[in-house]
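So the structure is just underneath, and the comments pick up after that.
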Amino acid sequence: VYMAYLDMDADQNGMLSKSELSHYGSGMLTQVFIDRVFEEYQTYRDTETGEREMDYKTFLDFVLAMENKNSRQAIQYFWKLIDIHHQGWIDGFVINYFFRAVLLLLQTNIPQSNKKDVTFVDDVKDEIFDMAKAKTPGRITLQDLINCRQGGTVLSMLIDAAAFWRYDNRETLIVEPDPDDEDDLKG
């Protein structure tokens with residue numbers, strides 16, 4: 001983890017800027033999500049640039065959450081980021097807010113995504129509500145995300161364009177067995 005931190009620290013000042021953090025993982029985390037990380041978690045102001053930057057401890061918390069998205073602790077970490085109104089629930093507006101940033105990244109980086117339209121956004125929003133199994137219609141709470149056992153997937157769909165693309169294409173990404181391999185198994 002420390003080597004990844006050092007590799008991303010392009011200006012070698014011991015801290016990560018938003019731009020440097022954007023290279024984490026697949027490099028497909030949305031700008032909206034990165035902005036929220038810097039708004040909600042402890043950062044420090046660079047005296048030269050005035051830009052907020054993340055230290056190693058904050059990065060370590062970030063990595064632990066990213067690598068364990070289905071854990072209760074990670075879902076709580078991300079909840080602080082997606083509950084933008086601090087009201088204890090998210091609704092279709094918040095889902096649209098985050099997902100439109102995912103869609104923008106997909107359209108920029110994956111040409112066939114240009115055909116996605118507003119109805120697609122509504123379909124994804126409906127799917128997220130179905131996955132979360134919200135107790136109150138139209139509102140997803142932290143407890144809903146924890147209880148549904150798909151909280152990590154829901155969060156990934158809202159913050160990481162590459163993770164959403166993998167989710168959206170999960171059926172075509174499944175490797176079909178080679179008929180020759182089946183013969184080998186039979187013996």
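Chain labels run A, B, ... following the order of the structure tokens; each chain numbers its residues from 1, and ligands are numbered from 1 in the order shown.
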- Message: Using only C-alpha atoms, which protein or nucleic acid residues come within 10 Å of A:Arg100? Drop anything in the same chain fewer than 5 positions from it, and give the result as a VMD selection string.
- Response: chain A and resid 30 32 94 to 95 105 to 106 118 121 158
- Message: Give me the residues near stretch 38-49 of chain A as a ChimeraX atom specification, where near means some atom within 12 Å (using only C-alpha atoms) and where sequence neighbours in that chain fewer than 5 positions away do not count.
- Response: /A:11,13-19,21-22,31-33,54-62,77-86
Using only N, CA and C atoms, please write the residues we just selected to a file, as a tab-separated table (two decimals), in the first residue's frame.
```tsv
chain	number	residue	atom	x	y	z
A	11	ASP	N	4.24	14.65	-7.29
A	11	ASP	CA	5.09	15.79	-6.93
A	11	ASP	C	6.01	15.49	-5.75
A	13	ASN	N	5.63	15.22	-2.55
A	13	ASN	CA	5.57	16.06	-1.36
A	13	ASN	C	5.05	15.30	-0.14
A	14	GLY	N	4.85	13.99	-0.29
A	14	GLY	CA	4.40	13.17	0.83
A	14	GLY	C	2.90	13.19	1.04
A	15	MET	N	2.17	13.87	0.17
A	15	MET	CA	0.71	13.98	0.27
A	15	MET	C	0.11	13.71	-1.11
A	16	LEU	N	-1.18	13.33	-1.13
A	16	LEU	CA	-1.86	13.09	-2.40
A	16	LEU	C	-2.92	14.16	-2.65
A	17	SER	N	-2.85	14.74	-3.82
A	17	SER	CA	-3.87	15.70	-4.26
A	17	SER	C	-5.03	14.92	-4.87
A	18	LYS	N	-6.11	15.64	-5.19
A	18	LYS	CA	-7.25	15.01	-5.87
A	18	LYS	C	-6.78	14.39	-7.19
A	19	SER	N	-5.98	15.13	-7.91
A	19	SER	CA	-5.48	14.65	-9.20
A	19	SER	C	-4.66	13.38	-9.03
A	21	LEU	N	-4.84	11.22	-6.51
A	21	LEU	CA	-5.72	10.13	-6.06
A	21	LEU	C	-6.55	9.58	-7.21
A	22	SER	N	-6.82	10.39	-8.21
A	22	SER	CA	-7.63	9.93	-9.34
A	22	SER	C	-6.97	8.78	-10.10
A	31	GLN	N	-14.89	11.99	-10.50
A	31	GLN	CA	-14.46	13.24	-9.87
A	31	GLN	C	-15.38	13.62	-8.72
A	32	VAL	N	-16.67	13.35	-8.88
A	32	VAL	CA	-17.64	13.63	-7.81
A	32	VAL	C	-17.25	12.86	-6.55
A	33	PHE	N	-16.91	11.60	-6.70
A	33	PHE	CA	-16.53	10.77	-5.56
A	33	PHE	C	-15.23	11.29	-4.94
A	54	MET	N	-4.22	14.73	0.87
A	54	MET	CA	-4.46	13.60	1.75
A	54	MET	C	-3.13	13.03	2.24
A	55	ASP	N	-3.05	12.75	3.55
A	55	ASP	CA	-1.85	12.13	4.08
A	55	ASP	C	-1.96	10.60	3.98
A	56	TYR	N	-0.91	9.91	4.40
A	56	TYR	CA	-0.87	8.46	4.26
A	56	TYR	C	-1.94	7.77	5.10
A	57	LYS	N	-2.18	8.25	6.32
A	57	LYS	CA	-3.18	7.61	7.18
A	57	LYS	C	-4.57	7.70	6.55
A	58	THR	N	-4.93	8.85	6.01
A	58	THR	CA	-6.22	9.01	5.36
A	58	THR	C	-6.29	8.12	4.12
A	59	PHE	N	-5.17	8.01	3.39
A	59	PHE	CA	-5.11	7.13	2.23
A	59	PHE	C	-5.28	5.67	2.64
A	60	LEU	N	-4.68	5.29	3.74
A	60	LEU	CA	-4.79	3.92	4.22
A	60	LEU	C	-6.25	3.58	4.55
A	61	ASP	N	-6.96	4.49	5.22
A	61	ASP	CA	-8.38	4.29	5.49
A	61	ASP	C	-9.15	4.13	4.18
A	62	PHE	N	-8.82	4.97	3.20
A	62	PHE	CA	-9.45	4.94	1.89
A	62	PHE	C	-9.23	3.58	1.22
A	77	TYR	N	-17.90	3.92	5.92
A	77	TYR	CA	-16.95	4.89	5.36
A	77	TYR	C	-17.56	5.57	4.13
A	78	PHE	N	-18.10	4.77	3.22
A	78	PHE	CA	-18.66	5.31	1.98
A	78	PHE	C	-19.97	6.05	2.23
A	79	TRP	N	-20.72	5.62	3.23
A	79	TRP	CA	-21.99	6.28	3.52
A	79	TRP	C	-21.76	7.77	3.80
A	80	LYS	N	-20.72	8.06	4.53
A	80	LYS	CA	-20.40	9.46	4.84
A	80	LYS	C	-20.19	10.26	3.54
A	81	LEU	N	-19.74	9.60	2.50
A	81	LEU	CA	-19.48	10.26	1.22
A	81	LEU	C	-20.73	10.39	0.35
A	82	ILE	N	-21.59	9.38	0.38
A	82	ILE	CA	-22.75	9.44	-0.52
A	82	ILE	C	-23.97	10.11	0.11
A	83	ASP	N	-24.02	10.18	1.43
A	83	ASP	CA	-25.13	10.88	2.09
A	83	ASP	C	-24.81	12.38	2.06
A	84	ILE	N	-24.91	12.96	0.87
A	84	ILE	CA	-24.43	14.33	0.65
A	84	ILE	C	-25.22	15.38	1.42
A	85	HIS	N	-26.45	15.07	1.78
A	85	HIS	CA	-27.27	16.02	2.52
A	85	HIS	C	-27.25	15.76	4.03
A	86	HIS	N	-26.51	14.73	4.45
A	86	HIS	CA	-26.39	14.36	5.87
A	86	HIS	C	-27.77	14.19	6.52
```
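Counting from atom CA of A:Ala132, the distance to atom CA of A:Val37 is 22.5 Å.
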Need to verify the contact set: A:Asn70, 8 Å, only C-alpha atoms, exclusion of same-chain residues closer than 2 positions in sequence. Can you return it as a PDB file with all heavy atoms, in the first residue's frame?
```pdb
ATOM      1  N   ASN A  68     -12.399  -3.518   0.692  1.00  0.00           N
ATOM      2  CA  ASN A  68     -13.317  -4.325   1.503  1.00  0.00           C
ATOM      3  C   ASN A  68     -14.718  -3.733   1.468  1.00  0.00           C
ATOM      4  O   ASN A  68     -15.368  -3.599   2.504  1.00  0.00           O
ATOM      5  CB  ASN A  68     -12.809  -4.400   2.949  1.00  0.00           C
ATOM      6  CG  ASN A  68     -11.455  -5.045   3.031  1.00  0.00           C
ATOM      7  OD1 ASN A  68     -11.333  -6.254   2.897  1.00  0.00           O
ATOM      8  ND2 ASN A  68     -10.423  -4.241   3.215  1.00  0.00           N
ATOM      9  N   ARG A  72     -19.009  -3.993   6.828  1.00  0.00           N
ATOM     10  CA  ARG A  72     -19.814  -2.974   7.513  1.00  0.00           C
ATOM     11  C   ARG A  72     -19.028  -1.663   7.645  1.00  0.00           C
ATOM     12  O   ARG A  72     -19.551  -0.578   7.400  1.00  0.00           O
ATOM     13  CB  ARG A  72     -20.249  -3.487   8.879  1.00  0.00           C
ATOM     14  CG  ARG A  72     -21.067  -2.507   9.662  1.00  0.00           C
ATOM     15  CD  ARG A  72     -21.428  -3.066  11.056  1.00  0.00           C
ATOM     16  NE  ARG A  72     -22.475  -2.280  11.615  1.00  0.00           N
ATOM     17  CZ  ARG A  72     -23.769  -2.519  11.505  1.00  0.00           C
ATOM     18  NH1 ARG A  72     -24.173  -3.573  10.828  1.00  0.00           N
ATOM     19  NH2 ARG A  72     -24.665  -1.723  12.042  1.00  0.00           N
ATOM     20  N   ALA A  74     -16.526  -0.529   5.809  1.00  0.00           N
ATOM     21  CA  ALA A  74     -16.359   0.142   4.515  1.00  0.00           C
ATOM     22  C   ALA A  74     -17.657   0.816   4.084  1.00  0.00           C
ATOM     23  O   ALA A  74     -17.642   1.954   3.591  1.00  0.00           O
ATOM     24  CB  ALA A  74     -15.898  -0.846   3.449  1.00  0.00           C
ATOM     25  N   ILE A  75     -18.767   0.130   4.269  1.00  0.00           N
ATOM     26  CA  ILE A  75     -20.053   0.730   3.903  1.00  0.00           C
ATOM     27  C   ILE A  75     -20.282   1.996   4.722  1.00  0.00           C
ATOM     28  O   ILE A  75     -20.738   3.018   4.191  1.00  0.00           O
ATOM     29  CB  ILE A  75     -21.199  -0.297   4.055  1.00  0.00           C
ATOM     30  CG1 ILE A  75     -21.037  -1.415   3.015  1.00  0.00           C
ATOM     31  CG2 ILE A  75     -22.566   0.377   3.917  1.00  0.00           C
ATOM     32  CD1 ILE A  75     -21.963  -2.597   3.192  1.00  0.00           C
ATOM     33  N   ARG A 149     -26.806  -6.976   1.782  1.00  0.00           N
ATOM     34  CA  ARG A 149     -25.640  -7.799   1.431  1.00  0.00           C
ATOM     35  C   ARG A 149     -25.104  -7.514   0.026  1.00  0.00           C
ATOM     36  O   ARG A 149     -24.329  -8.282  -0.515  1.00  0.00           O
ATOM     37  CB  ARG A 149     -25.931  -9.283   1.608  1.00  0.00           C
ATOM     38  CG  ARG A 149     -26.358  -9.650   3.007  1.00  0.00           C
ATOM     39  CD  ARG A 149     -25.968 -11.048   3.350  1.00  0.00           C
ATOM     40  NE  ARG A 149     -26.388 -11.418   4.673  1.00  0.00           N
ATOM     41  CZ  ARG A 149     -25.640 -11.260   5.768  1.00  0.00           C
ATOM     42  NH1 ARG A 149     -24.469 -10.723   5.678  1.00  0.00           N
ATOM     43  NH2 ARG A 149     -26.095 -11.658   6.932  1.00  0.00           N
ATOM     44  N   GLN A 150     -25.566  -6.433  -0.574  1.00  0.00           N
ATOM     45  CA  GLN A 150     -25.049  -5.994  -1.866  1.00  0.00           C
ATOM     46  C   GLN A 150     -24.573  -4.548  -1.786  1.00  0.00           C
ATOM     47  O   GLN A 150     -24.406  -3.893  -2.803  1.00  0.00           O
ATOM     48  CB  GLN A 150     -26.130  -6.129  -2.943  1.00  0.00           C
ATOM     49  CG  GLN A 150     -26.546  -7.557  -3.195  1.00  0.00           C
ATOM     50  CD  GLN A 150     -27.506  -7.638  -4.351  1.00  0.00           C
ATOM     51  OE1 GLN A 150     -27.112  -7.425  -5.496  1.00  0.00           O
ATOM     52  NE2 GLN A 150     -28.749  -7.930  -4.068  1.00  0.00           N
ATOM     53  N   GLY A 151     -24.371  -4.079  -0.563  1.00  0.00           N
ATOM     54  CA  GLY A 151     -23.974  -2.689  -0.358  1.00  0.00           C
ATOM     55  C   GLY A 151     -22.697  -2.328  -1.085  1.00  0.00           C
ATOM     56  O   GLY A 151     -22.590  -1.252  -1.684  1.00  0.00           O
ATOM     57  N   GLY A 152     -21.721  -3.213  -1.083  1.00  0.00           N
ATOM     58  CA  GLY A 152     -20.460  -2.947  -1.774  1.00  0.00           C
ATOM     59  C   GLY A 152     -20.649  -2.802  -3.274  1.00  0.00           C
ATOM     60  O   GLY A 152     -20.041  -1.948  -3.916  1.00  0.00           O
ATOM     61  N   THR A 153     -21.521  -3.631  -3.834  1.00  0.00           N
ATOM     62  CA  THR A 153     -21.811  -3.547  -5.269  1.00  0.00           C
ATOM     63  C   THR A 153     -22.520  -2.237  -5.593  1.00  0.00           C
ATOM     64  O   THR A 153     -22.169  -1.547  -6.546  1.00  0.00           O
ATOM     65  CB  THR A 153     -22.663  -4.745  -5.716  1.00  0.00           C
ATOM     66  OG1 THR A 153     -21.966  -5.950  -5.391  1.00  0.00           O
ATOM     67  CG2 THR A 153     -22.943  -4.698  -7.208  1.00  0.00           C
TER      68      THR A 153
END
```
- Task: Please give the complete set of residues from stretch 7-56 of chain A that DSSP, run on the backbone, assigns to strand (DSSP E or B), formatted as number ranges by chain.
- Result: A: 16, 29, 44-45, 52-54
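Within 10 Å of A:Gly27, once only C-alpha atoms are used and residues closer than 6 positions along the same chain are dropped, the contacting residues are A:Glu20, A:Leu21, A:Asp160, A:Ala161, A:Ala162.
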- Task: Compile the contact shell of A:Met131 as a PyMOL selection string: residues with an atom at most 7 Å away, counting only C-alpha atoms, same-chain residues fewer than 3 positions apart removed.
- Result: chain A and resi 127-128+148+150
